[in-house]
Each structure stands twice: as C-alpha cells, then as structure tokens.
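Visitor: See final_6.pdb below, with PDB, C-alpha atoms.
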```pdb
ATOM      1  CA  MET H  20      65.079 -54.921  24.314
ATOM      2  CA  PRO H  21      62.582 -57.587  23.137
ATOM      3  CA  VAL H  22      58.910 -57.008  23.923
ATOM      4  CA  ASN H  23      56.813 -59.956  25.027
ATOM      5  CA  LYS H  24      53.133 -60.365  24.329
ATOM      6  CA  LEU H  25      51.061 -61.714  27.188
ATOM      7  CA  GLU H  26      47.453 -62.807  27.281
ATOM      8  CA  LEU H  27      45.849 -62.692  30.696
ATOM      9  CA  ARG H  28      42.507 -64.316  31.386
ATOM     10  CA  SER H  29      40.190 -63.402  34.220
ATOM     11  CA  GLN H  30      36.461 -63.942  34.389
ATOM     12  CA  ILE H  31      36.470 -61.681  37.436
ATOM     13  CA  ALA H  32      36.851 -57.927  36.828
ATOM     14  CA  PRO H  33      38.777 -58.070  33.498
ATOM     15  CA  ALA H  34      37.975 -54.411  32.756
ATOM     16  CA  ALA H  35      39.557 -53.384  36.068
ATOM     17  CA  LEU H  36      42.645 -55.459  35.238
ATOM     18  CA  SER H  37      42.965 -53.728  31.854
ATOM     19  CA  ARG H  38      42.519 -50.311  33.441
ATOM     20  CA  GLY H  39      45.148 -51.029  36.092
ATOM     21  CA  LEU H  40      47.686 -52.144  33.491
ATOM     22  CA  VAL H  41      47.128 -49.033  31.383
ATOM     23  CA  GLU H  42      47.449 -46.783  34.422
ATOM     24  CA  ALA H  43      50.731 -48.547  35.257
ATOM     25  CA  GLY H  44      52.068 -47.717  31.794
ATOM     26  CA  PHE H  45      51.562 -51.039  30.050
ATOM     27  CA  VAL H  46      50.131 -49.738  26.819
ATOM     28  CA  GLY H  47      47.884 -51.832  24.670
ATOM     29  CA  ALA H  48      46.207 -53.635  27.555
ATOM     30  CA  LEU H  49      42.954 -54.364  25.785
ATOM     31  CA  ALA H  50      40.138 -56.127  27.591
ATOM     32  CA  GLU H  51      37.617 -58.389  25.920
ATOM     33  CA  THR H  52      35.094 -58.315  28.724
ATOM     34  CA  ASP H  53      32.931 -61.148  27.410
ATOM     35  CA  SER H  54      35.814 -63.612  27.178
ATOM     36  CA  GLY H  55      37.800 -62.220  30.089
ATOM     37  CA  ARG H  56      40.895 -61.817  27.944
ATOM     38  CA  VAL H  57      43.332 -58.971  28.528
ATOM     39  CA  THR H  58      46.267 -58.692  26.138
ATOM     40  CA  THR H  59      49.335 -56.625  27.002
ATOM     41  CA  TRP H  60      53.004 -56.234  26.050
ATOM     42  CA  PHE H  61      55.961 -55.907  28.373
ATOM     43  CA  GLU H  62      59.742 -55.986  28.442
ATOM     44  CA  LEU H  63      61.517 -58.555  30.591
ATOM     45  CA  ALA H  64      62.960 -55.735  32.687
ATOM     46  CA  ASP H  65      59.384 -54.770  33.629
ATOM     47  CA  THR H  66      58.354 -58.264  34.713
ATOM     48  CA  LEU H  67      58.455 -57.463  38.426
ATOM     49  CA  ARG H  68      56.525 -54.212  37.961
ATOM     50  CA  LEU H  69      53.928 -56.056  35.901
ATOM     51  CA  ALA H  70      53.677 -58.715  38.606
ATOM     52  CA  GLN H  71      53.223 -56.036  41.278
ATOM     53  CA  THR H  72      50.473 -54.392  39.215
ATOM     54  CA  ILE H  73      48.642 -57.710  38.879
ATOM     55  CA  ALA H  74      49.176 -58.425  42.601
ATOM     56  CA  CYS H  75      47.551 -55.104  43.518
ATOM     57  CA  PHE H  76      44.668 -55.944  41.162
ATOM     58  CA  LEU H  77      44.211 -59.306  42.897
ATOM     59  CA  LEU H  78      44.178 -57.733  46.360
ATOM     60  CA  GLN H  79      41.768 -54.964  45.355
ATOM     61  CA  ASP H  80      39.409 -55.224  42.369
ATOM     62  CA  TRP H  81      39.602 -59.008  41.926
ATOM     63  CA  LEU H  82      39.038 -59.645  45.626
ATOM     64  CA  PHE H  83      36.055 -57.313  45.882
ATOM     65  CA  ALA H  84      34.466 -58.725  42.715
ATOM     66  CA  PHE H  85      35.031 -62.285  43.998
ATOM     67  CA  ILE H  86      33.289 -61.408  47.278
ATOM     68  CA  GLU H  87      30.333 -59.986  45.343
ATOM     69  CA  GLN H  88      30.240 -63.120  43.195
ATOM     70  CA  ARG H  89      30.117 -65.429  46.221
ATOM     71  CA  LEU H  90      27.372 -63.366  47.815
ATOM     72  CA  GLN H  91      25.349 -63.547  44.614
ATOM     73  CA  ALA H  92      25.812 -67.310  44.356
ATOM     74  CA  LEU H  93      25.233 -68.257  47.994
ATOM     75  CA  TYR H  94      22.948 -65.549  49.378
ATOM     76  CA  GLY H  95      20.517 -64.708  46.622
ATOM     77  CA  PHE H  96      17.899 -63.687  49.202
ATOM     78  CA  LEU H  97      19.892 -60.505  49.860
ATOM     79  CA  ASP H  98      18.902 -57.589  47.641
ATOM     80  CA  ASP H  99      21.453 -55.612  45.619
ATOM     81  CA  GLU H 100      21.941 -52.951  48.271
ATOM     82  CA  GLU H 101      22.386 -55.506  51.039
ATOM     83  CA  ARG H 102      24.902 -57.514  49.000
ATOM     84  CA  GLU H 103      26.923 -54.404  48.241
ATOM     85  CA  TYR H 104      26.894 -53.439  51.921
ATOM     86  CA  VAL H 105      28.038 -56.888  53.085
ATOM     87  CA  ALA H 106      30.672 -57.021  50.333
ATOM     88  CA  LEU H 107      32.114 -53.698  51.473
ATOM     89  CA  LEU H 108      32.137 -54.809  55.112
ATOM     90  CA  THR H 109      33.884 -58.071  54.223
ATOM     91  CA  PHE H 110      36.418 -56.388  51.939
ATOM     92  CA  HIS H 111      37.371 -53.743  54.502
ATOM     93  CA  ALA H 112      37.576 -56.339  57.293
ATOM     94  CA  LEU H 113      40.001 -58.414  55.216
ATOM     95  CA  ARG H 114      42.040 -55.359  54.267
ATOM     96  CA  LYS H 115      42.245 -54.312  57.917
ATOM     97  CA  GLU H 116      43.547 -57.764  58.844
ATOM     98  CA  ARG H 117      46.430 -57.529  56.385
ATOM     99  CA  ASP H 118      47.251 -53.829  56.940
ATOM    100  CA  ALA H 119      49.953 -54.700  59.460
ATOM    101  CA  THR H 120      51.728 -56.900  56.910
ATOM    102  CA  ARG H 121      50.528 -55.214  53.714
ATOM    103  CA  ASP H 122      53.960 -54.819  52.108
ATOM    104  CA  HIS H 123      54.823 -58.441  52.838
ATOM    105  CA  VAL H 124      51.501 -59.650  51.387
ATOM    106  CA  VAL H 125      51.884 -57.592  48.193
ATOM    107  CA  ASP H 126      55.487 -58.738  47.740
ATOM    108  CA  SER H 127      54.553 -62.369  48.355
ATOM    109  CA  VAL H 128      51.689 -62.308  45.851
ATOM    110  CA  ALA H 129      53.806 -60.363  43.342
ATOM    111  CA  GLU H 130      56.578 -62.962  43.512
ATOM    112  CA  MET H 131      54.074 -65.746  42.930
ATOM    113  CA  VAL H 132      52.652 -63.842  39.936
ATOM    114  CA  ARG H 133      56.138 -63.065  38.566
ATOM    115  CA  SER H 134      57.019 -66.753  38.538
ATOM    116  CA  ALA H 135      53.786 -67.585  36.730
ATOM    117  CA  LEU H 136      54.328 -64.735  34.255
ATOM    118  CA  LEU H 137      57.779 -65.964  33.275
ATOM    119  CA  ASP H 138      56.541 -69.509  32.887
ATOM    120  CA  ALA H 139      53.569 -68.436  30.715
ATOM    121  CA  SER H 140      55.786 -66.175  28.611
ATOM    122  CA  GLU H 141      58.435 -68.862  28.018
ATOM    123  CA  ARG H 142      55.794 -71.388  27.005
ATOM    124  CA  ASN H 143      53.826 -68.830  24.997
ATOM    125  CA  LEU H 144      50.650 -69.663  26.912
ATOM    126  CA  PRO H 145      47.915 -67.417  28.328
ATOM    127  CA  LEU H 146      47.957 -66.871  32.079
ATOM    128  CA  SER H 147      44.683 -67.549  33.869
ATOM    129  CA  ILE H 148      44.447 -65.202  36.840
ATOM    130  CA  ASP H 149      41.461 -67.072  38.299
ATOM    131  CA  ALA H 150      43.222 -70.451  38.109
ATOM    132  CA  LEU H 151      46.365 -68.936  39.604
ATOM    133  CA  VAL H 152      44.426 -67.747  42.626
ATOM    134  CA  ARG H 153      42.466 -70.963  43.062
ATOM    135  CA  PHE H 154      45.537 -73.216  42.977
ATOM    136  CA  ARG H 155      48.345 -71.052  44.362
ATOM    137  CA  LEU H 156      46.310 -69.048  46.883
ATOM    138  CA  ARG H 157      43.828 -71.729  47.850
ATOM    139  CA  THR H 158      44.208 -71.243  51.597
ATOM    140  CA  SER H 159      43.753 -67.485  51.312
ATOM    141  CA  LEU H 160      40.675 -67.994  49.144
ATOM    142  CA  GLN H 161      39.171 -70.291  51.755
ATOM    143  CA  SER H 162      39.758 -67.568  54.357
ATOM    144  CA  VAL H 163      37.928 -65.096  52.136
ATOM    145  CA  GLU H 164      34.965 -67.450  51.763
ATOM    146  CA  GLN H 165      34.875 -67.938  55.539
ATOM    147  CA  ALA H 166      34.968 -64.166  56.022
ATOM    148  CA  VAL H 167      31.986 -63.825  53.673
ATOM    149  CA  THR H 168      30.024 -66.397  55.688
ATOM    150  CA  THR H 169      30.920 -64.733  58.982
ATOM    151  CA  MET H 170      29.947 -61.287  57.731
ATOM    152  CA  VAL H 171      26.602 -62.487  56.361
ATOM    153  CA  ASP H 172      25.830 -64.168  59.684
ATOM    154  CA  GLN H 173      26.687 -60.933  61.481
ATOM    155  CA  PHE H 174      24.591 -58.894  59.066
ATOM    156  CA  LEU H 175      21.570 -61.165  59.547
ATOM    157  CA  SER H 176      22.000 -61.020  63.335
ATOM    158  CA  ASP H 177      22.173 -57.228  63.180
ATOM    159  CA  ARG H 178      19.052 -57.094  61.017
ATOM    160  CA  GLU H 179      17.179 -59.405  63.364
ATOM    161  CA  TYR H 180      18.228 -57.247  66.315
ATOM    162  CA  GLU H 181      17.053 -54.077  64.547
ATOM    163  CA  GLU H 182      13.679 -55.704  63.921
ATOM    164  CA  PHE H 183      13.524 -56.769  67.581
ATOM    165  CA  VAL H 184      14.269 -53.226  68.765
ATOM    166  CA  ALA H 185      11.655 -51.815  66.373
ATOM    167  CA  MET H 186       9.054 -54.216  67.780
ATOM    168  CA  LEU H 187       9.874 -53.217  71.367
ATOM    169  CA  ARG H 188       9.746 -49.542  70.442
ATOM    170  CA  TYR H 189       6.342 -50.075  68.840
ATOM    171  CA  MET H 190       5.082 -51.761  72.023
ATOM    172  CA  LEU H 191       6.440 -48.884  74.090
ATOM    173  CA  ASP H 192       4.684 -46.327  71.890
ATOM    174  CA  GLN H 193       1.373 -47.968  72.771
ATOM    175  CA  GLN H 194       1.926 -47.186  76.450
ATOM    176  CA  PRO H 195       1.372 -43.707  77.892
ATOM    177  CA  ALA H 196       4.534 -42.334  79.460
ATOM    178  CA  ARG H 197       4.371 -42.139  83.252
ATOM    179  CA  GLU H 198       5.962 -39.581  85.499
ATOM    180  CA  GLN H 199       8.234 -42.124  87.079
ATOM    181  CA  GLU H 200      11.981 -42.588  87.319
ATOM    182  CA  LEU H 201      13.386 -46.093  87.315
ATOM    183  CA  HIS H 202      16.957 -47.256  87.775
ATOM    184  CA  VAL H 203      18.145 -50.306  85.827
ATOM    185  CA  PHE H 204      21.156 -52.182  87.177
ATOM    186  CA  CYS H 205      22.990 -54.432  84.708
ATOM    187  CA  ALA H 206      25.499 -56.945  86.080
ATOM    188  CA  ASP H 207      27.195 -59.820  84.278
ATOM    189  CA  GLU H 208      24.618 -62.448  85.206
ATOM    190  CA  ARG H 209      21.537 -60.521  86.247
ATOM    191  CA  VAL H 210      19.448 -57.398  85.850
ATOM    192  CA  TRP H 211      17.269 -55.652  88.427
ATOM    193  CA  ILE H 212      15.170 -52.500  88.589
ATOM    194  CA  CYS H 213      14.689 -50.022  91.425
ATOM    195  CA  ASP H 214      12.588 -46.911  91.769
ATOM    196  CA  ALA H 215      14.032 -43.502  92.605
ATOM    197  CA  GLU H 216      13.957 -44.382  96.327
ATOM    198  CA  GLY H 217      15.934 -47.580  95.805
ATOM    199  CA  THR H 218      13.047 -50.005  96.281
ATOM    200  CA  LEU H 219      13.281 -53.136  94.170
ATOM    201  CA  VAL H 220      10.582 -53.141  91.478
ATOM    202  CA  ARG H 221       8.524 -56.171  90.526
ATOM    203  CA  ASP H 222       5.321 -56.541  88.545
ATOM    204  CA  ASP H 223       3.283 -59.638  89.446
ATOM    205  CA  GLU H 224       1.125 -59.517  86.304
ATOM    206  CA  VAL H 225       4.152 -59.311  84.028
ATOM    207  CA  SER H 226       5.941 -62.047  85.980
ATOM    208  CA  THR H 227       2.909 -64.349  85.739
ATOM    209  CA  ALA H 228       2.568 -63.729  82.005
ATOM    210  CA  ALA H 229       6.292 -64.317  81.486
ATOM    211  CA  ALA H 230       6.157 -67.573  83.450
ATOM    212  CA  ALA H 231       3.208 -68.780  81.367
ATOM    213  CA  ALA H 232       4.974 -67.853  78.120
ATOM    214  CA  SER H 233       8.133 -69.703  79.188
ATOM    215  CA  GLU H 234       6.178 -72.999  79.324
ATOM    216  CA  GLY H 235       7.850 -74.274  82.454
ATOM    217  CA  HIS H 236      11.335 -73.045  81.626
ATOM    218  CA  GLU H 237      13.210 -70.516  83.734
ATOM    219  CA  VAL H 238      12.101 -66.953  83.054
ATOM    220  CA  ASN H 239      14.784 -64.922  81.294
ATOM    221  CA  GLY H 240      15.668 -62.032  83.605
ATOM    222  CA  GLU H 241      16.408 -59.561  80.816
ATOM    223  CA  ASP H 242      13.163 -60.324  79.002
ATOM    224  CA  LEU H 243      11.243 -59.896  82.243
ATOM    225  CA  ALA H 244      13.013 -56.628  83.017
ATOM    226  CA  MET H 245      12.286 -55.250  79.542
ATOM    227  CA  SER H 246       8.631 -56.248  79.849
ATOM    228  CA  ILE H 247       8.373 -54.386  83.148
ATOM    229  CA  LEU H 248      10.059 -51.300  81.729
ATOM    230  CA  ILE H 249       7.741 -51.210  78.712
ATOM    231  CA  THR H 250       4.642 -51.847  80.821
ATOM    232  CA  ARG H 251       5.544 -49.098  83.277
ATOM    233  CA  SER H 252       6.787 -46.788  80.495
ATOM    234  CA  PRO H 253       8.729 -44.450  82.798
ATOM    235  CA  CYS H 254       9.584 -40.970  81.589
ATOM    236  CA  LYS H 255      13.170 -41.452  82.790
ATOM    237  CA  ILE H 256      15.455 -44.473  83.073
ATOM    238  CA  VAL H 257      18.904 -44.316  84.636
ATOM    239  CA  ILE H 258      21.139 -47.174  83.510
ATOM    240  CA  HIS H 259      23.784 -48.473  85.905
ATOM    241  CA  ASP H 260      26.014 -50.763  83.856
ATOM    242  CA  ILE H 261      28.484 -52.676  86.000
ATOM    243  CA  THR H 262      29.122 -55.515  83.559
ATOM    244  CA  TYR H 263      32.641 -56.619  82.739
ATOM    245  CA  ALA H 264      32.161 -58.556  79.526
ATOM    246  CA  ALA H 265      28.551 -58.301  78.398
ATOM    247  CA  PRO H 266      27.902 -59.965  75.020
ATOM    248  CA  TRP H 267      26.601 -57.857  72.172
ATOM    249  CA  PRO H 268      23.958 -56.574  72.205
ATOM    250  CA  SER H 269      24.063 -55.860  75.917
ATOM    251  CA  PHE H 270      20.864 -55.240  77.833
ATOM    252  CA  SER H 271      21.942 -51.682  78.611
ATOM    253  CA  GLU H 272      22.421 -50.976  74.898
ATOM    254  CA  THR H 273      18.987 -52.396  74.107
ATOM    255  CA  VAL H 274      17.358 -50.208  76.769
ATOM    256  CA  GLU H 275      19.032 -47.172  75.200
ATOM    257  CA  ARG H 276      17.893 -48.168  71.705
ATOM    258  CA  VAL H 277      14.293 -48.713  72.806
ATOM    259  CA  PHE H 278      13.791 -45.784  75.192
ATOM    260  CA  LEU H 279      15.999 -43.308  73.300
ATOM    261  CA  GLU H 280      15.993 -39.895  75.020
ATOM    262  CA  ARG H 281      14.254 -41.280  78.098
ATOM    263  CA  ALA H 282      17.311 -43.370  78.965
ATOM    264  CA  GLU H 283      20.593 -42.066  80.335
ATOM    265  CA  ARG H 284      23.616 -43.641  81.954
ATOM    266  CA  CYS H 285      24.792 -42.832  85.437
ATOM    267  CA  ARG H 286      28.157 -41.157  85.712
ATOM    268  CA  ASP H 287      30.140 -43.361  88.102
ATOM    269  CA  CYS H 288      27.549 -42.911  90.832
ATOM    270  CA  SER H 289      28.191 -43.884  94.452
ATOM    271  CA  THR H 290      25.729 -46.796  94.209
ATOM    272  CA  CYS H 291      27.698 -48.410  91.396
ATOM    273  CA  SER H 292      30.938 -47.851  93.290
ATOM    274  CA  ARG H 293      29.519 -49.624  96.346
ATOM    275  CA  LEU H 294      28.162 -52.499  94.251
ATOM    276  CA  LEU H 295      31.487 -52.962  92.493
ATOM    277  CA  ALA H 296      33.328 -52.892  95.799
ATOM    278  CA  ALA H 297      30.950 -55.346  97.477
ATOM    279  CA  GLY H 298      30.185 -57.543  94.482
ATOM    280  CA  THR H 299      26.830 -57.759  92.713
ATOM    281  CA  ASP H 300      25.149 -60.522  94.660
ATOM    282  CA  ARG H 301      21.618 -59.205  94.164
ATOM    283  CA  PRO H 302      18.492 -61.344  93.728
ATOM    284  CA  HIS H 303      17.183 -62.293  90.308
ATOM    285  CA  LEU H 304      14.325 -60.031  89.292
ATOM    286  CA  ALA H 305      11.944 -62.974  89.127
ATOM    287  CA  ASP H 306      12.699 -63.727  92.799
ATOM    288  CA  ALA H 307      12.707 -60.115  93.978
ATOM    289  CA  PRO H 308      10.371 -58.871  96.699
ATOM    290  CA  GLU H 309       7.449 -56.603  95.809
ATOM    291  CA  GLY H 310       8.496 -52.974  95.288
ATOM    292  CA  ASN H 311       6.703 -49.619  95.515
TER     293      ASN H 311
END
```
Output the file's structure as structure tokens, nothing else.
Guide:
Amino acid sequence: MPVNKLELRSQIAPAALSRGLVEAGFVGALAETDSGRVTTWFELADTLRLAQTIACFLLQDWLFAFIEQRLQALYGFLDDEEREYVALLTFHALRKERDATRDHVVDSVAEMVRSALLDASERNLPLSIDALVRFRLRTSLQSVEQAVTTMVDQFLSDREYEEFVAMLRYMLDQQPAREQELHVFCADERVWICDAEGTLVRDDEVSTAAAAASEGHEVNGEDLAMSILITRSPCKIVIHDITYAAPWPSFSETVERVFLERAERCRDCSTCSRLLAAGTDRPHLADAPEGN
C-alpha cells in the first residue's frame, strides 16, 4: 500500500505533536521545533487514525499551549506561576464543559482534520495546524479566548479578596480578644449582630466613623457589621446563615476567614428556624437600637 509523506506545521507545541504521532505508531514524525515543522508518513488506510491523533493533540497539548500563549500576550503582569495556575484552571474548566460530549467533539474535530489531511496530501502541500484551527474552529477559539478572560477576572477577584481578608485579619490581630460571645445573623439583604442574651448590638463610635467615611452615602451594613466585630474582637462568634442565594464571597464566609477558630456556624438552631418561618424582617444594623 502506498505511503504518503505529510508535513504538518504548528507554531504551538510542535514537539508535543511529534511525540503524540510517534506514540500512536506513526514512525518518523520528526519535529523541527524552531520552524514548527513535523514530518510524518502514513498509509491511506490510517488517515482516520492519524486525524484522530491530531484531533486529540488539538484538544490537549495545542489547547493548553494556546491558553498559555494568550495569557503571556495579554496579561504580562502575571508572573510565571500565576500564568500557569490560570492556564490550568482555564484548561480544566473547558475540558469539564465538553466532558459530556467528549466523544462527539473528538469525532467532529477528527473529521474536520481528516478532510484537511486528504486535501493537503492530494495537493502535496503542508498542512498548517494553526491555520486550520483559526479558520475552521474560529467560534471555538473565540470561546477559549473568552474563557481565558473570564478566568483571569476571577483570579484577580480572588486575589483581591485574599488581600482584603488579610487586611481584616491584621486589624483583628491588633485588638485584644474579649471574653464575649456574639451571634451574627446573615439574611439575603441584611446582617445584624446580637449578644449571647439576644440583645441587638450597635456601636455608636463605629457607626459614626462609618457614616463619615461613606461621605453622605448609605452605610454598607456588612462593612459596618465587620467593623463592629473587629472592634469588639469577641472570643466566640456564632454564625446564623439564613441566606438563600448569597453572592460569593458571602459575609458569613468572610467572617469565617477572618476570625478562623473563633467563628462557628449554628446547627439548625431554633432561632434560625423561627426566623425562616416568620421571615427575616429585622432592622438594618445602622438603624438598630443600642444593645448591651
């Protein structure tokens, strides 16, 4: 059976392409890394298997290397470790999305590659893997680029949140812990604090400072509550979370991250059951009466 020579070109991960072809039994797949050329030989009967091998390369090594390339080009302010971390997150998120239809995706890409292989072989022309992706899988490539952007945004938000938590923890460390137990109630639209006897807690000094810092705008209830908790620095905080759809990061999660072992969640206590049954129409902390 006649053996066809094929030159593949890929500026993205050519060494991985060569390695994948060799592992699949296509001997003589030599990579010229600088030029991105990979030369191999195949029989017409193996065209589909060759196409499937290249399809798997595109969905694995090529995709990951492309993600890294975009991160390098667009987000140079990330260091090497951060770029690798975001690339892995993006790659695994994309792979998880297609897991349900993985066989269909591989078969679809393989068929597209097979058609291009036959055309390149008949015309005795090299096959550019990068061009094939950019023109035949343009929509998918745009989805990948959007996934990169989304993941970077999420990573930066996470990093900002970690820095915020570290700042709050530093402020807390400057306060001596007090032998006091406070209960934090988190509902969908408000937060309030009570002492162990159930008296609503308010701190006039903190409220005044928060009002001044807000420059005439409405005081954020969660910020005010956190300021009170840090100022009082209780040795124990019981979190009563009765939210239905709190956005991330929720206030209860932030309290846990800041107060660590001092914070614990209630275990379906009777107070939460009554609040859920009656609704959570409690006053905003900024409007609450003076407590203990």
Visitor: With the file shown as input, list the residues that the PyMOL selection byres ((chain H and resi 127) around 12) selects, as a list in words.
Guide: Leu67, Ala70, Gln71, Ala74, Cys75, Leu78, Thr120, Arg121, Asp122, His123, Val124, Val125, Asp126, Val128, Ala129, Glu130, Met131, Val132, Arg133, Ser134, Arg155 and Leu156 of chain H
Visitor: Taking the file as shown, find all residues satisfying the PyMOL selection byres ((chain H and resi 259-265) around 12) and write them as a PyMOL selection string.
Guide: chain H and resi 201-213+256-258+266-272+274-275+282-296+298-299
Visitor: For Glu26 of chain H, please output as a list in words all residues within 7 Å (counting all atoms listed in the file; exclusion window: fewer than 2 positions along the same chain).
Guide: Lys24, Arg28, Arg56, Val57, Thr58, Thr59, Pro145 and Leu146 of chain H
Visitor: Pull out every residue that the PyMOL selection byres ((chain H and resi 87) around 9) matches in the shown coordinates and put them as a ChimeraX atom specification.
Guide: /H:82-86,88-92,102-103,105-107
Visitor: I want to know what sits within 12 Å of Gly44 of chain H, based on all atoms listed in the file, with residues of the same chain fewer than 2 positions away left out; could you give that as a PyMOL selection string?
Guide: chain H and resi 37-42+46-48+59-62+65+68-69+72
Visitor: To one decimal place, how far is atom CA of Gln30 of chain H from atom CA of Ala150 of chain H in Å?
Guide: 10.1 Å
Visitor: Kindly provide, as a VMD selection string, the polymer residues lying within 12 Å of (19.7, -57.6, 66.7), counting only C-alpha atoms and using the coordinates exactly as they appear in the file.
Guide: chain H and resid 172 to 187 266 to 270 272 to 273 276
Visitor: Could you check which of H:Leu36, H:Leu27, H:Ala112, H:Gly217 is closest to Met170 of chain H, using all atoms listed in the file?
Guide: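 Counting all atoms listed in the file, the residue closest to Met170 of chain H is H:Ala112.
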Visitor: Interatomic distance between atom CA of Asp222 of chain H and atom CA of Asp242 of chain H?
Guide: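 So the answer is 12.9 Å.
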Visitor: Could the centre and edge lengths of an axis-aligned box, enclosing all atoms of segment 183-198 of chain H in the file with 5 Å extra on each side, be given in Å to one decimal as AutoDock Vina command-line options?
Guide:
```
--center_x 7.8 --center_y -48.2 --center_z 75.9 --size_x 22.9 --size_y 27.2 --size_z 29.1
```
Visitor: Need the shell around segment 246-250 of chain H: protein/DNA/RNA residues with any atom at most 8 Å away, counting all atoms listed in the file. Skip same-chain ones fewer than 3 positions apart. Format as a compact mmCIF listing (two decimals) with C-alpha atoms, in the frame of the given file?
Guide:
```
# COMPACT_ATOMS: atom_id res chain seq x y z
CA LEU H 187 9.87 -53.22 71.37
CA MET H 190 5.08 -51.76 72.02
CA LEU H 191 6.44 -48.88 74.09
CA GLN H 194 1.93 -47.19 76.45
CA ARG H 221 8.52 -56.17 90.53
CA ASP H 222 5.32 -56.54 88.54
CA VAL H 225 4.15 -59.31 84.03
CA ASP H 242 13.16 -60.32 79.00
CA LEU H 243 11.24 -59.90 82.24
CA PRO H 253 8.73 -44.45 82.80
```
Visitor: Report, in Å with one decimal, the straight-line distance from atom CA of Ala297 of chain H to atom CA of Leu219 of chain H.
Guide: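 Distance reported for this atom pair: 18.1 Å.
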Visitor: So which one's closest to Phe76 of chain H, H:Ile31, H:Val220, H:Ala196, H:Ala64? Using all atoms listed in the file, please.
Guide: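 That would be H:Ile31, the residue with the smallest distance to Phe76 of chain H.
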Visitor: Could you please fill out segment 276-283 of chain H with all heavy atoms and send it back as a PDB file, in the frame of the given file?
Guide:
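rebuild.pdb, freshly written:
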```
ATOM      1  N   ARG H 276      18.448 -48.171  73.059  1.00  0.00           N
ATOM      2  CA  ARG H 276      17.893 -48.168  71.705  1.00  0.00           C
ATOM      3  C   ARG H 276      16.365 -48.088  71.732  1.00  0.00           C
ATOM      4  O   ARG H 276      15.754 -47.512  70.819  1.00  0.00           O
ATOM      5  CB  ARG H 276      18.332 -49.428  70.961  1.00  0.00           C
ATOM      6  CG  ARG H 276      19.832 -49.532  70.706  1.00  0.00           C
ATOM      7  CD  ARG H 276      20.284 -48.565  69.639  1.00  0.00           C
ATOM      8  NE  ARG H 276      19.577 -48.788  68.399  1.00  0.00           N
ATOM      9  CZ  ARG H 276      19.903 -49.733  67.523  1.00  0.00           C
ATOM     10  NH1 ARG H 276      20.941 -50.535  67.752  1.00  0.00           N
ATOM     11  NH2 ARG H 276      19.217 -49.881  66.412  1.00  0.00           N
ATOM     12  N   VAL H 277      15.754 -48.693  72.731  1.00  0.00           N
ATOM     13  CA  VAL H 277      14.293 -48.713  72.806  1.00  0.00           C
ATOM     14  C   VAL H 277      13.743 -47.420  73.391  1.00  0.00           C
ATOM     15  O   VAL H 277      12.804 -46.826  72.852  1.00  0.00           O
ATOM     16  CB  VAL H 277      13.813 -49.930  73.638  1.00  0.00           C
ATOM     17  CG1 VAL H 277      12.296 -49.860  73.856  1.00  0.00           C
ATOM     18  CG2 VAL H 277      14.195 -51.233  72.954  1.00  0.00           C
ATOM     19  N   PHE H 278      14.345 -46.936  74.472  1.00  0.00           N
ATOM     20  CA  PHE H 278      13.791 -45.784  75.192  1.00  0.00           C
ATOM     21  C   PHE H 278      14.387 -44.444  74.736  1.00  0.00           C
ATOM     22  O   PHE H 278      13.916 -43.381  75.140  1.00  0.00           O
ATOM     23  CB  PHE H 278      13.979 -45.971  76.701  1.00  0.00           C
ATOM     24  CG  PHE H 278      13.057 -46.995  77.285  1.00  0.00           C
ATOM     25  CD1 PHE H 278      13.392 -48.337  77.279  1.00  0.00           C
ATOM     26  CD2 PHE H 278      11.831 -46.625  77.827  1.00  0.00           C
ATOM     27  CE1 PHE H 278      12.534 -49.296  77.804  1.00  0.00           C
ATOM     28  CE2 PHE H 278      10.967 -47.563  78.361  1.00  0.00           C
ATOM     29  CZ  PHE H 278      11.318 -48.915  78.344  1.00  0.00           C
ATOM     30  N   LEU H 279      15.424 -44.507  73.923  1.00  0.00           N
ATOM     31  CA  LEU H 279      15.999 -43.308  73.300  1.00  0.00           C
ATOM     32  C   LEU H 279      16.288 -42.218  74.331  1.00  0.00           C
ATOM     33  O   LEU H 279      17.041 -42.437  75.268  1.00  0.00           O
ATOM     34  CB  LEU H 279      15.077 -42.819  72.185  1.00  0.00           C
ATOM     35  CG  LEU H 279      14.817 -43.842  71.059  1.00  0.00           C
ATOM     36  CD1 LEU H 279      13.796 -43.322  70.066  1.00  0.00           C
ATOM     37  CD2 LEU H 279      16.116 -44.212  70.362  1.00  0.00           C
ATOM     38  N   GLU H 280      15.660 -41.041  74.159  1.00  0.00           N
ATOM     39  CA  GLU H 280      15.993 -39.895  75.020  1.00  0.00           C
ATOM     40  C   GLU H 280      15.526 -40.072  76.455  1.00  0.00           C
ATOM     41  O   GLU H 280      15.961 -39.333  77.346  1.00  0.00           O
ATOM     42  CB  GLU H 280      15.397 -38.608  74.438  1.00  0.00           C
ATOM     43  CG  GLU H 280      13.884 -38.480  74.515  1.00  0.00           C
ATOM     44  CD  GLU H 280      13.188 -39.226  73.393  1.00  0.00           C
ATOM     45  OE1 GLU H 280      13.888 -39.745  72.491  1.00  0.00           O
ATOM     46  OE2 GLU H 280      11.936 -39.303  73.426  1.00  0.00           O
ATOM     47  N   ARG H 281      14.693 -41.057  76.714  1.00  0.00           N
ATOM     48  CA  ARG H 281      14.254 -41.280  78.098  1.00  0.00           C
ATOM     49  C   ARG H 281      15.347 -41.952  78.931  1.00  0.00           C
ATOM     50  O   ARG H 281      15.302 -41.900  80.161  1.00  0.00           O
ATOM     51  CB  ARG H 281      13.018 -42.187  78.126  1.00  0.00           C
ATOM     52  CG  ARG H 281      11.785 -41.642  77.443  1.00  0.00           C
ATOM     53  CD  ARG H 281      10.574 -42.420  77.936  1.00  0.00           C
ATOM     54  NE  ARG H 281       9.562 -42.595  76.912  1.00  0.00           N
ATOM     55  CZ  ARG H 281       8.449 -43.304  77.069  1.00  0.00           C
ATOM     56  NH1 ARG H 281       8.245 -43.924  78.225  1.00  0.00           N
ATOM     57  NH2 ARG H 281       7.568 -43.423  76.098  1.00  0.00           N
ATOM     58  N   ALA H 282      16.277 -42.610  78.256  1.00  0.00           N
ATOM     59  CA  ALA H 282      17.311 -43.370  78.965  1.00  0.00           C
ATOM     60  C   ALA H 282      18.615 -42.584  79.038  1.00  0.00           C
ATOM     61  O   ALA H 282      18.997 -41.903  78.090  1.00  0.00           O
ATOM     62  CB  ALA H 282      17.552 -44.713  78.275  1.00  0.00           C
ATOM     63  N   GLU H 283      19.272 -42.669  80.170  1.00  0.00           N
ATOM     64  CA  GLU H 283      20.593 -42.066  80.335  1.00  0.00           C
ATOM     65  C   GLU H 283      21.426 -42.955  81.243  1.00  0.00           C
ATOM     66  O   GLU H 283      20.897 -43.740  82.028  1.00  0.00           O
ATOM     67  CB  GLU H 283      20.492 -40.662  80.922  1.00  0.00           C
ATOM     68  CG  GLU H 283      19.899 -40.625  82.333  1.00  0.00           C
ATOM     69  CD  GLU H 283      19.800 -39.207  82.883  1.00  0.00           C
ATOM     70  OE1 GLU H 283      19.276 -38.337  82.167  1.00  0.00           O
ATOM     71  OE2 GLU H 283      20.250 -38.991  84.039  1.00  0.00           O
TER      72      GLU H 283
END
```
